[in-house]
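Enquirer: Take a look at target-v7.tsv, TSV, C-alpha atoms:
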chain	number	residue	atom	x	y	z
A	302	MET	CA	-104.77	-177.14	74.14
A	303	SER	CA	-105.70	-180.76	74.73
A	304	SER	CA	-107.62	-182.56	72.01
A	305	GLU	CA	-110.64	-183.13	74.27
A	306	ASN	CA	-111.06	-179.34	74.61
A	307	LEU	CA	-111.08	-178.69	70.89
A	308	PRO	CA	-114.38	-177.66	69.30
A	309	GLN	CA	-116.40	-180.62	68.14
A	310	SER	CA	-116.25	-181.30	64.44
A	311	PRO	CA	-119.65	-180.96	62.77
A	312	GLU	CA	-120.81	-183.44	60.20
A	313	ARG	CA	-119.57	-182.93	56.67
A	314	ALA	CA	-121.79	-180.72	54.54
A	315	ASP	CA	-122.66	-183.61	52.18
A	316	SER	CA	-123.74	-186.05	54.93
A	317	PRO	CA	-127.39	-186.63	55.91
A	318	GLN	CA	-126.62	-185.39	59.42
A	319	ALA	CA	-125.31	-182.13	57.99
A	320	GLN	CA	-128.75	-181.32	56.64
A	321	ARG	CA	-129.94	-181.10	60.26
A	322	ARG	CA	-126.98	-179.28	61.78
A	323	LYS	CA	-126.75	-175.53	62.30
A	324	PRO	CA	-124.63	-173.47	59.89
A	325	ARG	CA	-121.15	-172.93	61.29
A	326	VAL	CA	-119.83	-169.37	61.41
A	327	ALA	CA	-116.09	-168.78	61.75
A	328	VAL	CA	-115.54	-165.34	63.26
A	329	VAL	CA	-112.03	-164.25	62.17
A	330	PHE	CA	-110.47	-161.30	63.96
A	331	GLY	CA	-107.25	-159.65	65.15
A	332	GLY	CA	-104.64	-159.52	62.41
A	333	ARG	CA	-101.35	-157.84	61.64
A	334	SER	CA	-102.53	-154.27	61.26
A	335	SER	CA	-102.38	-151.45	63.80
A	336	GLU	CA	-106.15	-151.91	64.26
A	337	HIS	CA	-105.65	-155.38	65.80
A	338	GLY	CA	-107.16	-154.50	69.17
A	339	ILE	CA	-110.26	-152.82	67.78
A	340	SER	CA	-110.84	-155.89	65.62
A	341	VAL	CA	-110.83	-158.07	68.75
A	342	VAL	CA	-113.35	-155.76	70.44
A	343	THR	CA	-115.59	-155.91	67.38
A	344	ALA	CA	-115.38	-159.70	67.23
A	345	GLY	CA	-116.45	-159.99	70.84
A	346	ALA	CA	-119.56	-157.93	70.15
A	347	VAL	CA	-120.40	-159.94	67.02
A	348	MET	CA	-119.92	-163.28	68.80
A	349	LYS	CA	-122.16	-162.17	71.65
A	350	ALA	CA	-124.88	-161.15	69.18
A	351	ILE	CA	-124.89	-164.32	67.06
A	352	ASP	CA	-127.98	-166.40	67.72
A	353	ARG	CA	-126.60	-169.68	69.08
A	354	THR	CA	-129.92	-171.43	68.47
A	355	LYS	CA	-129.36	-170.86	64.72
A	356	TYR	CA	-125.56	-171.02	64.34
A	357	ASP	CA	-122.47	-172.72	65.69
A	358	VAL	CA	-119.53	-170.34	66.21
A	359	LEU	CA	-115.83	-171.02	65.71
A	360	PRO	CA	-113.63	-168.12	66.97
A	361	ILE	CA	-110.36	-167.77	65.04
A	362	GLY	CA	-107.96	-165.04	66.08
A	363	ILE	CA	-105.00	-163.91	63.99
A	364	THR	CA	-102.06	-162.84	66.13
A	365	THR	CA	-100.03	-159.71	65.50
A	366	ASP	CA	-97.38	-161.83	63.77
A	367	GLY	CA	-99.96	-163.53	61.51
A	368	ARG	CA	-100.55	-166.90	63.23
A	369	TRP	CA	-104.13	-168.17	62.99
A	370	ALA	CA	-105.02	-169.28	66.50
A	371	LEU	CA	-107.96	-171.00	68.10
A	372	THR	CA	-109.46	-168.88	70.86
A	373	ALA	CA	-112.02	-169.55	73.55
A	374	ASP	CA	-115.63	-168.61	72.83
A	375	GLU	CA	-115.63	-165.99	75.59
A	376	PRO	CA	-116.78	-162.62	74.20
A	377	GLU	CA	-116.65	-160.98	77.63
A	378	ARG	CA	-112.82	-161.20	77.56
A	379	MET	CA	-112.68	-159.23	74.33
A	380	ALA	CA	-113.69	-155.78	75.56
A	381	ILE	CA	-111.64	-152.65	76.27
A	382	ALA	CA	-110.57	-152.66	79.94
A	383	ASP	CA	-108.66	-149.97	81.81
A	384	ARG	CA	-108.35	-147.99	78.55
A	385	LYS	CA	-106.46	-150.91	76.96
A	386	VAL	CA	-107.58	-152.90	73.93
A	387	PRO	CA	-107.36	-156.73	74.01
A	388	ASP	CA	-105.17	-158.83	71.72
A	389	VAL	CA	-105.31	-162.33	70.27
A	390	ASP	CA	-102.02	-163.43	71.84
A	391	ARG	CA	-103.63	-163.29	75.28
A	392	LEU	CA	-106.84	-164.93	74.10
A	393	ALA	CA	-105.27	-167.83	72.18
A	394	GLU	CA	-105.75	-171.29	73.67
A	395	SER	CA	-102.16	-172.21	72.80
A	396	ALA	CA	-98.97	-170.20	72.27
A	397	GLU	CA	-97.98	-172.47	69.38
A	398	GLY	CA	-101.10	-174.14	67.99
A	399	SER	CA	-102.43	-172.85	64.69
A	400	VAL	CA	-105.53	-173.12	62.56
A	401	VAL	CA	-105.34	-173.83	58.83
A	402	LEU	CA	-108.18	-173.33	56.37
A	403	SER	CA	-108.14	-175.68	53.39
A	404	VAL	CA	-107.71	-174.03	49.99
A	405	ASP	CA	-109.61	-176.90	48.37
A	406	PRO	CA	-112.97	-175.34	47.36
A	407	GLY	CA	-114.64	-178.70	47.80
A	408	SER	CA	-113.59	-179.07	51.41
A	409	ARG	CA	-114.04	-175.93	53.59
A	410	GLU	CA	-112.16	-177.95	56.20
A	411	VAL	CA	-110.49	-176.35	59.22
A	412	VAL	CA	-107.52	-178.19	60.76
A	413	TYR	CA	-105.83	-177.49	64.09
A	414	THR	CA	-102.11	-178.25	64.39
A	415	GLU	CA	-99.77	-178.08	67.36
A	416	PRO	CA	-96.10	-179.11	67.59
A	417	GLY	CA	-95.75	-182.72	68.72
A	418	SER	CA	-99.41	-183.56	68.14
A	419	VAL	CA	-101.36	-185.16	65.33
A	420	PRO	CA	-103.33	-182.54	63.31
A	421	LYS	CA	-106.96	-182.43	64.40
A	422	ALA	CA	-109.77	-181.84	61.92
A	423	LEU	CA	-112.23	-179.31	63.30
A	424	GLY	CA	-114.70	-179.90	60.49
A	425	GLU	CA	-116.09	-177.53	57.91
A	426	VAL	CA	-117.19	-173.93	58.16
A	427	ASP	CA	-120.18	-172.69	56.20
A	428	VAL	CA	-119.43	-168.98	56.30
A	429	VAL	CA	-116.70	-166.65	57.56
A	430	PHE	CA	-117.54	-163.43	59.37
A	431	PRO	CA	-114.33	-161.39	59.02
A	432	VAL	CA	-114.04	-158.51	61.46
A	433	LEU	CA	-110.45	-157.56	60.70
A	434	HIS	CA	-109.67	-153.90	60.13
A	435	GLY	CA	-106.86	-152.52	58.02
A	436	PRO	CA	-104.19	-154.31	55.95
A	437	TYR	CA	-104.15	-158.13	55.78
A	438	GLY	CA	-107.84	-158.33	56.51
A	439	GLU	CA	-109.93	-155.49	55.16
A	440	ASP	CA	-107.87	-154.87	52.04
A	441	GLY	CA	-108.82	-157.88	49.90
A	442	THR	CA	-106.04	-160.21	51.06
A	443	LEU	CA	-108.23	-162.28	53.38
A	444	GLN	CA	-111.09	-162.10	50.88
A	445	GLY	CA	-108.78	-163.56	48.21
A	446	LEU	CA	-107.88	-166.47	50.49
A	447	LEU	CA	-111.54	-167.15	51.16
A	448	GLU	CA	-112.29	-167.05	47.44
A	449	LEU	CA	-109.56	-169.66	46.87
A	450	SER	CA	-111.01	-171.75	49.69
A	451	GLY	CA	-114.53	-171.50	48.31
A	452	VAL	CA	-115.90	-170.32	51.67
A	453	PRO	CA	-118.66	-167.70	51.61
A	454	TYR	CA	-117.95	-164.63	53.71
A	455	VAL	CA	-119.59	-161.49	55.00
A	456	GLY	CA	-118.89	-158.20	53.27
A	457	ALA	CA	-117.14	-156.83	50.21
A	458	GLY	CA	-115.23	-158.95	47.71
A	459	VAL	CA	-111.57	-158.69	46.72
A	460	LEU	CA	-111.76	-155.63	44.46
A	461	ALA	CA	-114.12	-153.57	46.61
A	462	SER	CA	-112.12	-154.40	49.73
A	463	ALA	CA	-108.85	-153.34	48.10
A	464	VAL	CA	-110.29	-150.11	46.73
A	465	GLY	CA	-112.06	-149.37	50.00
A	466	GLN	CA	-108.79	-149.72	51.90
A	467	ASP	CA	-106.66	-147.53	49.65
A	468	LYS	CA	-107.87	-143.96	50.06
A	469	GLU	CA	-106.09	-142.77	46.92
A	470	TYR	CA	-107.79	-145.21	44.58
A	471	MET	CA	-111.06	-144.91	46.46
A	472	LYS	CA	-111.09	-141.20	45.67
A	473	ARG	CA	-110.14	-141.87	42.05
A	474	VAL	CA	-113.10	-144.25	41.70
A	475	PHE	CA	-115.45	-141.74	43.32
A	476	LEU	CA	-114.31	-139.02	40.94
A	477	SER	CA	-114.78	-141.29	37.93
A	478	PHE	CA	-118.40	-141.83	39.01
A	479	GLY	CA	-119.02	-138.12	39.50
A	480	LEU	CA	-119.07	-138.15	43.30
A	481	PRO	CA	-117.84	-134.98	45.03
A	482	VAL	CA	-114.37	-135.34	46.63
A	483	GLY	CA	-112.36	-132.77	48.57
A	484	PRO	CA	-108.88	-131.51	47.55
A	485	TYR	CA	-106.05	-133.95	48.25
A	486	GLU	CA	-102.51	-134.95	47.31
A	487	VAL	CA	-100.81	-138.36	47.43
A	488	VAL	CA	-97.17	-138.98	48.24
A	489	ARG	CA	-95.96	-142.45	47.27
A	490	PRO	CA	-93.05	-144.27	48.95
A	491	ARG	CA	-90.64	-143.94	46.01
A	492	GLU	CA	-91.24	-140.20	45.77
A	493	TRP	CA	-90.60	-139.62	49.48
A	494	ASP	CA	-87.58	-141.91	49.61
A	495	SER	CA	-85.91	-140.45	46.52
A	496	ASN	CA	-86.67	-136.74	46.90
A	497	PRO	CA	-88.37	-135.77	50.18
A	498	ALA	CA	-87.60	-132.08	49.60
A	499	ALA	CA	-89.64	-132.05	46.38
A	500	ALA	CA	-92.49	-133.92	48.04
A	501	ARG	CA	-92.42	-131.52	50.98
A	502	LYS	CA	-92.53	-128.53	48.61
A	503	ARG	CA	-95.55	-130.01	46.82
A	504	ILE	CA	-97.33	-130.31	50.17
A	505	VAL	CA	-96.47	-126.73	51.13
A	506	ASP	CA	-97.68	-125.52	47.72
A	507	PHE	CA	-100.91	-127.45	48.29
A	508	ALA	CA	-101.32	-125.65	51.63
A	509	GLY	CA	-100.65	-122.36	49.86
A	510	GLU	CA	-103.54	-123.07	47.50
A	511	HIS	CA	-106.02	-124.53	50.00
A	512	GLY	CA	-104.82	-123.16	53.32
A	513	TRP	CA	-103.71	-124.61	56.63
A	514	PRO	CA	-104.44	-126.77	58.56
A	515	LEU	CA	-103.82	-129.96	56.62
A	516	PHE	CA	-104.49	-133.56	57.57
A	517	ILE	CA	-101.68	-136.03	56.96
A	518	LYS	CA	-102.94	-139.60	56.98
A	519	PRO	CA	-101.85	-143.13	55.98
A	520	ALA	CA	-103.29	-144.05	52.59
A	521	ARG	CA	-104.23	-147.55	53.74
A	522	GLY	CA	-105.30	-147.33	57.36
A	523	GLY	CA	-108.32	-146.89	59.55
A	524	SER	CA	-109.69	-146.10	63.02
A	525	SER	CA	-108.08	-142.66	62.59
A	526	MET	CA	-104.67	-144.15	63.43
A	527	GLY	CA	-101.63	-142.27	62.16
A	528	ILE	CA	-103.59	-139.13	61.29
A	529	THR	CA	-102.23	-135.73	62.32
A	530	LYS	CA	-103.75	-132.30	61.97
A	531	VAL	CA	-100.96	-129.92	60.95
A	532	ASP	CA	-101.29	-126.17	61.44
A	533	GLY	CA	-98.07	-125.13	59.71
A	534	VAL	CA	-94.77	-126.14	58.14
A	535	GLU	CA	-93.11	-126.70	61.51
A	536	GLY	CA	-95.24	-129.76	62.29
A	537	LEU	CA	-95.12	-131.30	58.83
A	538	ASP	CA	-92.17	-133.69	59.10
A	539	GLU	CA	-93.34	-135.19	62.38
A	540	ALA	CA	-96.83	-135.73	60.94
A	541	ILE	CA	-95.41	-137.40	57.84
A	542	GLU	CA	-93.31	-139.79	59.90
A	543	GLU	CA	-96.33	-140.67	62.03
A	544	ALA	CA	-98.38	-141.47	58.92
A	545	ARG	CA	-95.52	-143.47	57.38
A	546	ARG	CA	-95.27	-145.52	60.57
A	547	HIS	CA	-98.58	-147.04	59.47
A	548	ASP	CA	-98.18	-146.90	55.69
A	549	PRO	CA	-95.28	-145.71	53.46
A	550	LYS	CA	-97.86	-144.06	51.17
A	551	PHE	CA	-99.70	-141.12	52.68
A	552	LEU	CA	-102.38	-138.60	51.79
A	553	VAL	CA	-102.52	-134.87	52.34
A	554	GLU	CA	-106.02	-133.41	52.66
A	555	SER	CA	-107.24	-129.87	53.17
A	556	LEU	CA	-109.60	-128.96	55.98
A	557	LEU	CA	-113.22	-129.02	54.85
A	558	ARG	CA	-115.17	-126.66	57.06
A	559	GLY	CA	-118.57	-128.03	57.87
A	560	ARG	CA	-120.33	-130.90	59.61
A	561	GLU	CA	-119.25	-134.56	59.69
A	562	ILE	CA	-122.08	-136.80	58.51
A	563	GLU	CA	-122.09	-140.60	58.27
A	564	CYS	CA	-124.54	-142.96	56.59
A	565	GLY	CA	-124.77	-146.75	56.65
A	566	VAL	CA	-125.54	-148.89	53.62
A	567	LEU	CA	-126.86	-152.44	53.97
A	568	GLU	CA	-127.59	-154.88	51.17
A	569	PHE	CA	-131.16	-156.22	51.12
A	570	GLU	CA	-132.74	-158.73	48.77
A	571	ASP	CA	-133.84	-155.91	46.46
A	572	GLY	CA	-130.53	-154.05	46.59
A	573	PRO	CA	-128.60	-151.69	48.89
A	574	ARG	CA	-130.47	-149.30	51.17
A	575	ALA	CA	-129.23	-146.40	53.25
A	576	SER	CA	-129.83	-145.94	56.97
A	577	VAL	CA	-130.77	-142.74	58.69
A	578	PRO	CA	-127.60	-140.61	58.77
A	579	ALA	CA	-125.64	-139.64	61.87
A	580	GLU	CA	-123.60	-136.58	62.77
A	581	ILE	CA	-120.25	-136.51	64.54
A	582	PRO	CA	-120.29	-133.29	66.57
A	583	PRO	CA	-117.05	-131.43	67.29
A	584	VAL	CA	-114.96	-133.26	69.89
A	585	THR	CA	-113.91	-130.58	72.37
A	586	ALA	CA	-111.27	-132.69	74.15
A	587	HIS	CA	-109.50	-133.59	70.88
A	588	ASP	CA	-108.22	-131.82	67.78
A	589	PHE	CA	-110.48	-133.99	65.63
A	590	TYR	CA	-112.38	-137.31	65.75
A	591	ASP	CA	-109.26	-139.41	66.34
A	592	PHE	CA	-108.64	-142.91	67.73
A	593	GLU	CA	-108.73	-141.80	71.37
A	594	ALA	CA	-112.01	-139.95	70.86
A	595	LYS	CA	-113.64	-142.87	69.05
A	596	TYR	CA	-112.61	-145.83	71.13
A	597	ILE	CA	-111.06	-144.81	74.43
A	598	ASP	CA	-113.21	-141.84	75.38
A	599	SER	CA	-116.20	-143.27	73.48
A	600	ALA	CA	-117.27	-139.98	71.94
A	601	THR	CA	-120.73	-140.48	70.51
A	602	GLY	CA	-122.52	-139.08	67.50
A	603	LEU	CA	-126.05	-137.83	67.00
A	604	VAL	CA	-128.39	-140.44	65.56
A	605	PRO	CA	-130.31	-139.44	63.56
A	606	ALA	CA	-128.42	-136.39	62.34
A	607	PRO	CA	-130.36	-133.11	62.56
A	608	LEU	CA	-130.73	-132.65	58.81
A	609	THR	CA	-133.54	-131.44	56.61
A	610	GLU	CA	-135.52	-134.01	54.62
A	611	GLU	CA	-133.75	-132.86	51.47
A	612	GLU	CA	-130.30	-133.17	53.06
A	613	THR	CA	-131.13	-136.63	54.42
A	614	ALA	CA	-132.33	-137.84	51.04
A	615	GLU	CA	-129.22	-136.47	49.33
A	616	VAL	CA	-126.69	-138.05	51.68
A	617	GLN	CA	-128.56	-141.37	51.47
A	618	ARG	CA	-128.44	-141.17	47.67
A	619	LEU	CA	-124.72	-140.45	47.70
A	620	ALA	CA	-124.02	-143.26	50.17
A	621	VAL	CA	-125.72	-145.85	47.96
A	622	ALA	CA	-123.96	-144.37	44.90
A	623	ALA	CA	-120.59	-144.80	46.65
A	624	PHE	CA	-121.51	-148.39	47.56
A	625	ASP	CA	-122.30	-149.12	43.90
A	626	ALA	CA	-119.28	-147.21	42.53
A	627	VAL	CA	-116.85	-149.46	44.41
A	628	SER	CA	-118.93	-152.63	43.68
A	629	CYS	CA	-119.44	-153.29	47.38
A	630	GLU	CA	-121.45	-156.10	48.94
A	631	GLY	CA	-123.03	-156.58	52.33
A	632	LEU	CA	-122.31	-153.37	54.21
A	633	VAL	CA	-120.56	-150.02	54.04
A	634	ARG	CA	-120.32	-146.93	56.17
A	635	ALA	CA	-119.96	-143.80	54.07
A	636	ASP	CA	-118.46	-140.67	55.64
A	637	PHE	CA	-119.20	-137.17	54.37
A	638	PHE	CA	-118.68	-133.50	55.10
A	639	LEU	CA	-121.64	-131.17	54.76
A	640	THR	CA	-119.77	-128.01	53.85
A	641	GLU	CA	-120.76	-124.50	54.81
A	642	ASP	CA	-122.24	-123.90	51.35
A	643	GLY	CA	-124.62	-126.87	51.79
A	644	THR	CA	-122.74	-129.34	49.58
A	645	PHE	CA	-122.02	-132.93	50.59
A	646	VAL	CA	-118.44	-134.08	49.95
A	647	ILE	CA	-117.58	-137.75	50.42
A	648	ASN	CA	-114.53	-138.39	52.56
A	649	GLU	CA	-114.32	-142.19	52.46
A	650	ILE	CA	-116.14	-145.48	52.81
A	651	ASN	CA	-115.42	-148.32	55.22
A	652	THR	CA	-116.21	-151.80	53.91
A	653	LEU	CA	-115.79	-153.28	57.41
A	654	PRO	CA	-116.78	-150.38	59.67
A	655	GLY	CA	-116.60	-150.31	63.43
A	656	PHE	CA	-119.18	-152.85	64.49
A	657	THR	CA	-119.60	-152.83	68.27
A	658	PRO	CA	-123.15	-152.05	69.48
A	659	ILE	CA	-122.08	-148.47	70.25
A	660	SER	CA	-120.35	-147.98	66.89
A	661	MET	CA	-121.97	-145.59	64.47
A	662	TYR	CA	-122.89	-148.15	61.81
A	663	PRO	CA	-125.00	-150.40	64.09
A	664	ARG	CA	-126.47	-147.36	65.83
A	665	MET	CA	-127.65	-145.91	62.52
A	666	TRP	CA	-129.33	-149.18	61.62
A	667	GLN	CA	-130.84	-149.53	65.10
A	668	GLU	CA	-132.47	-146.15	64.55
A	669	SER	CA	-133.56	-147.37	61.09
A	670	GLY	CA	-135.37	-150.36	62.60
A	671	VAL	CA	-132.71	-153.09	62.39
A	672	SER	CA	-131.41	-154.21	65.79
A	673	TYR	CA	-127.81	-155.28	66.34
A	674	PRO	CA	-128.59	-159.03	66.48
A	675	GLU	CA	-130.82	-158.66	63.41
A	676	LEU	CA	-128.02	-156.84	61.61
A	677	VAL	CA	-125.53	-159.62	62.37
A	678	ASP	CA	-128.04	-162.26	61.29
A	679	ARG	CA	-128.88	-160.47	58.04
A	680	LEU	CA	-125.21	-160.25	57.09
A	681	ILE	CA	-124.64	-163.94	57.83
A	682	GLN	CA	-127.72	-164.98	55.86
A	683	ALA	CA	-126.72	-162.82	52.90
A	684	ALA	CA	-123.24	-164.37	52.89
A	685	LEU	CA	-124.65	-167.89	53.08
A	686	THR	CA	-126.71	-167.32	49.95
A	687	ARG	CA	-123.89	-165.62	48.03
A	688	SER	CA	-121.48	-167.77	46.06
A	689	THR	CA	-117.74	-167.17	45.87
A	690	GLY	CA	-115.98	-166.56	42.56
A	691	LEU	CA	-116.88	-164.13	39.77
A	692	ARG	CA	-120.33	-162.59	40.15
How does this structure look as structure tokens?

Expert:
Amino acid sequence: MSSENLPQSPERADSPQAQRRKPRVAVVFGGRSSEHGISVVTAGAVMKAIDRTKYDVLPIGITTDGRWALTADEPERMAIADRKVPDVDRLAESAEGSVVLSVDPGSREVVYTEPGSVPKALGEVDVVFPVLHGPYGEDGTLQGLLELSGVPYVGAGVLASAVGQDKEYMKRVFLSFGLPVGPYEVVRPREWDSNPAAARKRIVDFAGEHGWPLFIKPARGGSSMGITKVDGVEGLDEAIEEARRHDPKFLVESLLRGREIECGVLEFEDGPRASVPAEIPPVTAHDFYDFEAKYIDSATGLVPAPLTEEETAEVQRLAVAAFDAVSCEGLVRADFFLTEDGTFVINEINTLPGFTPISMYPRMWQESGVSYPELVDRLIQAALTRSTGLR
């Protein structure tokens, strides 16, 4: 990438000119997790929705091997095409150039480096909009870096991000706050590596108590990747290996018979509020609401969910309670089962949920009176007014 094509450096935040410039939003996407491609798709939608009369945008993609790369501001190249998700490596302006964010809280400076060239200062960023999913982005690691850098950012902080990514500890927090959670078991890496037979027996005993089928899923994953529905002992080992491909720690959950209900939470000036809920109807072409159903076949939910007023009020209450239990900020999508006996059971929360215009979270808020561009703007404005550090 030649220096003349680099983004122009805005004035420093403490200069008189900076008082007149637009806030600069760094959209950070991609990453090292298995959800890399979906992150790129989400970033494209966010970049397209950002009001360019109010903000400058700096797209920063993280490649699958962890390099921070400068990418072109071309959201149209970041969509799913021919059933394939995009990746940062193809979008990067240079195969070797990298972006570095200063860890000096007084700087917020972004520098572009390329072998054989003098480092180029790209100026400061005022806020980061992270749209990374999964480990190394949604799990508190990126949030910790941004805290060290003193750069405000959209969404949950370090603790809430870490808890929201690890389904075991998420459930433990929910239980400690009295929220209803379905039956589950956790198998940690050391247990599986040292005595897989004992771990396997524990899973089979769990099935004996709660019945088949079971769901085997990575403990720290998302977008339904690595999840397998298992109908009996014969499919167990293959399902475990698939989950461990994404995370050496995995969860075993029983089937909760009922309806899948989702609810969005958004932080307003007076506190978090819940959206109208949505329902994910049974997906006839798939065993369950898996990655293919969500993103490739674009299975859609019902917004708003056909619930009674009492049911709607209850799931909204539980969604906000889950948001508060994990000490979240900004946004959360809370996923529930409405069981056959009329009880809501929380499955999980997502601190950085799917965020394309057709994703459930934006659709729920659209139906609640907040359009997609308004949603993006509200999140940026909330981050700009929120300080980093302990709060």

Enquirer: Residues near Glu568 of chain A, anyone? I mean within 10 Å using only C-alpha atoms, not counting same-chain ones fewer than 2 positions away, as an MDAnalysis selection string.

Expert: chainID A and resid 456 566 570:575 621 624 629:633 679:680 683

Enquirer: Taking C-alpha atoms for each residue, export the selection above as a short mmCIF file (atom, residue, chain, number, x, y, z; two decimals), in the frame of the given file.

Expert:
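This went into selection_34.cif:
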data_model
loop_
_atom_site.label_atom_id
_atom_site.label_comp_id
_atom_site.auth_asym_id
_atom_site.auth_seq_id
_atom_site.Cartn_x
_atom_site.Cartn_y
_atom_site.Cartn_z
CA GLY A 456 -118.89 -158.20 53.27
CA VAL A 566 -125.54 -148.89 53.62
CA GLU A 570 -132.74 -158.73 48.77
CA ASP A 571 -133.84 -155.91 46.46
CA GLY A 572 -130.53 -154.05 46.59
CA PRO A 573 -128.60 -151.69 48.89
CA ARG A 574 -130.47 -149.30 51.17
CA ALA A 575 -129.23 -146.40 53.25
CA VAL A 621 -125.72 -145.85 47.96
CA PHE A 624 -121.51 -148.39 47.56
CA CYS A 629 -119.44 -153.29 47.38
CA GLU A 630 -121.45 -156.10 48.94
CA GLY A 631 -123.03 -156.58 52.33
CA LEU A 632 -122.31 -153.37 54.21
CA VAL A 633 -120.56 -150.02 54.04
CA ARG A 679 -128.88 -160.47 58.04
CA LEU A 680 -125.21 -160.25 57.09
CA ALA A 683 -126.72 -162.82 52.90
#

Enquirer: Tell me, in Å to one decimal, how far atom CA of Val531 of chain A is from atom CA of Phe516 of chain A.

Expert: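 Separation of atom CA of Val531 of chain A and atom CA of Phe516 of chain A: 6.1 Å.
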
Enquirer: Grab the atom CA of Ala635 of chain A to atom CA of Gly527 of chain A distance for me, in Å with one decimal place.

Expert: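 Atom CA of Gly527 of chain A lies 20.1 Å from atom CA of Ala635 of chain A.
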
Enquirer: Compile the contact shell of segment 478-489 of chain A as a list in words: residues with an atom at most 6 Å away, counting only C-alpha atoms, same-chain residues fewer than 2 positions apart removed.

Expert: Phe475, Leu476, Arg491, Glu492, Lys550, Phe551, Leu552, Val553, Glu554, Val646 and Ile647 of chain A

Enquirer: Box along x, y and z, 4 Å on every side, all listed atoms of segment 500-518 of chain A inside: centre and edge lengths in Å to one decimal, as lines of an AutoDock Vina configuration file.

Expert:
center_x = -99.2
center_y = -131.0
center_z = 52.7
size_x = 21.6
size_y = 25.2
size_z = 19.7

Enquirer: For a quick check of understanding, using all atoms listed in the file, which of A:Leu619, A:Leu639, A:Ala684, A:Ala626 has the smallest distance to Arg560 of chain A?

Expert: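 Closest residue, counting all atoms listed in the file: A:Leu639.
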
Enquirer: Dump as a tab-separated table the rows for residues of segment 428-522 of chain A within 12 Å of segment 656-666 of chain A: closest atom pair and distance in Å with one decimal, only C-alpha atoms counted, ordered by chain and rising residue number.

Expert:
residue	atom	partner	partner_atom	distance
A:Phe430	CA	A:Phe656	CA	11.9
A:Pro431	CA	A:Phe656	CA	11.2
A:Val432	CA	A:Phe656	CA	8.2
A:Leu433	CA	A:Phe656	CA	10.6
A:His434	CA	A:Phe656	CA	10.5

Enquirer: Enter the distance from atom CA of Asp427 of chain A to atom CA of Ile361 of chain A, in Å, rounded to one decimal.

Expert: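 Value for the atom CA of Asp427 of chain A-atom CA of Ile361 of chain A distance: 14.1 Å.
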
Enquirer: When you count all atoms listed in the file, which of these residues is closest to Glu410 of chain A: A:Pro490, A:Gly565, A:Gly451, A:Gly465?

Expert: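 Smallest separation from Glu410 of chain A among the options: A:Gly451.
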
Enquirer: Which residues are near Phe637 of chain A? Cut-off 7 Å, all atoms listed in the file, ignore same chain within fewer than 6 positions. Put them as a PyMOL selection string.

Expert: chain A and resi 561-563+645-648

Enquirer: Name the closest residue to Arg322 of chain A among the candidates A:Gln682, A:Thr354, A:Thr644, A:Thr613; distances are taken between atoms, counting all atoms listed in the file.

Expert: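 Selected residue with least distance to Arg322 of chain A: A:Thr354.
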
Enquirer: With the input short on atoms, add N, CA and C atoms back to segment 344-354 of chain A and write it as a PDB file, in the coordinates of the input.

Expert:
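Writing the result to result_28.pdb gives the following:
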ATOM      1  N   ALA A 344    -115.057-158.267  67.285  1.00  0.00           N
ATOM      2  CA  ALA A 344    -115.380-159.700  67.230  1.00  0.00           C
ATOM      3  C   ALA A 344    -116.143-160.137  68.467  1.00  0.00           C
ATOM      4  N   GLY A 345    -115.748-159.632  69.622  1.00  0.00           N
ATOM      5  CA  GLY A 345    -116.450-159.990  70.840  1.00  0.00           C
ATOM      6  C   GLY A 345    -117.910-159.582  70.788  1.00  0.00           C
ATOM      7  N   ALA A 346    -118.175-158.401  70.257  1.00  0.00           N
ATOM      8  CA  ALA A 346    -119.560-157.930  70.150  1.00  0.00           C
ATOM      9  C   ALA A 346    -120.351-158.779  69.157  1.00  0.00           C
ATOM     10  N   VAL A 347    -119.723-159.116  68.026  1.00  0.00           N
ATOM     11  CA  VAL A 347    -120.400-159.940  67.020  1.00  0.00           C
ATOM     12  C   VAL A 347    -120.706-161.325  67.580  1.00  0.00           C
ATOM     13  N   MET A 348    -119.728-161.939  68.246  1.00  0.00           N
ATOM     14  CA  MET A 348    -119.920-163.280  68.800  1.00  0.00           C
ATOM     15  C   MET A 348    -121.036-163.290  69.834  1.00  0.00           C
ATOM     16  N   LYS A 349    -121.115-162.244  70.626  1.00  0.00           N
ATOM     17  CA  LYS A 349    -122.160-162.170  71.650  1.00  0.00           C
ATOM     18  C   LYS A 349    -123.544-162.042  71.013  1.00  0.00           C
ATOM     19  N   ALA A 350    -123.598-161.404  69.831  1.00  0.00           N
ATOM     20  CA  ALA A 350    -124.880-161.150  69.180  1.00  0.00           C
ATOM     21  C   ALA A 350    -125.373-162.302  68.319  1.00  0.00           C
ATOM     22  N   ILE A 351    -124.478-163.215  67.933  1.00  0.00           N
ATOM     23  CA  ILE A 351    -124.890-164.320  67.060  1.00  0.00           C
ATOM     24  C   ILE A 351    -125.859-165.227  67.796  1.00  0.00           C
ATOM     25  N   ASP A 352    -126.948-165.547  67.141  1.00  0.00           N
ATOM     26  CA  ASP A 352    -127.980-166.400  67.720  1.00  0.00           C
ATOM     27  C   ASP A 352    -127.482-167.847  67.764  1.00  0.00           C
ATOM     28  N   ARG A 353    -127.167-168.343  68.957  1.00  0.00           N
ATOM     29  CA  ARG A 353    -126.600-169.680  69.080  1.00  0.00           C
ATOM     30  C   ARG A 353    -127.640-170.778  68.861  1.00  0.00           C
ATOM     31  N   THR A 354    -128.912-170.432  68.824  1.00  0.00           N
ATOM     32  CA  THR A 354    -129.920-171.430  68.470  1.00  0.00           C
ATOM     33  C   THR A 354    -129.956-171.670  66.960  1.00  0.00           C
TER      34      THR A 354
END
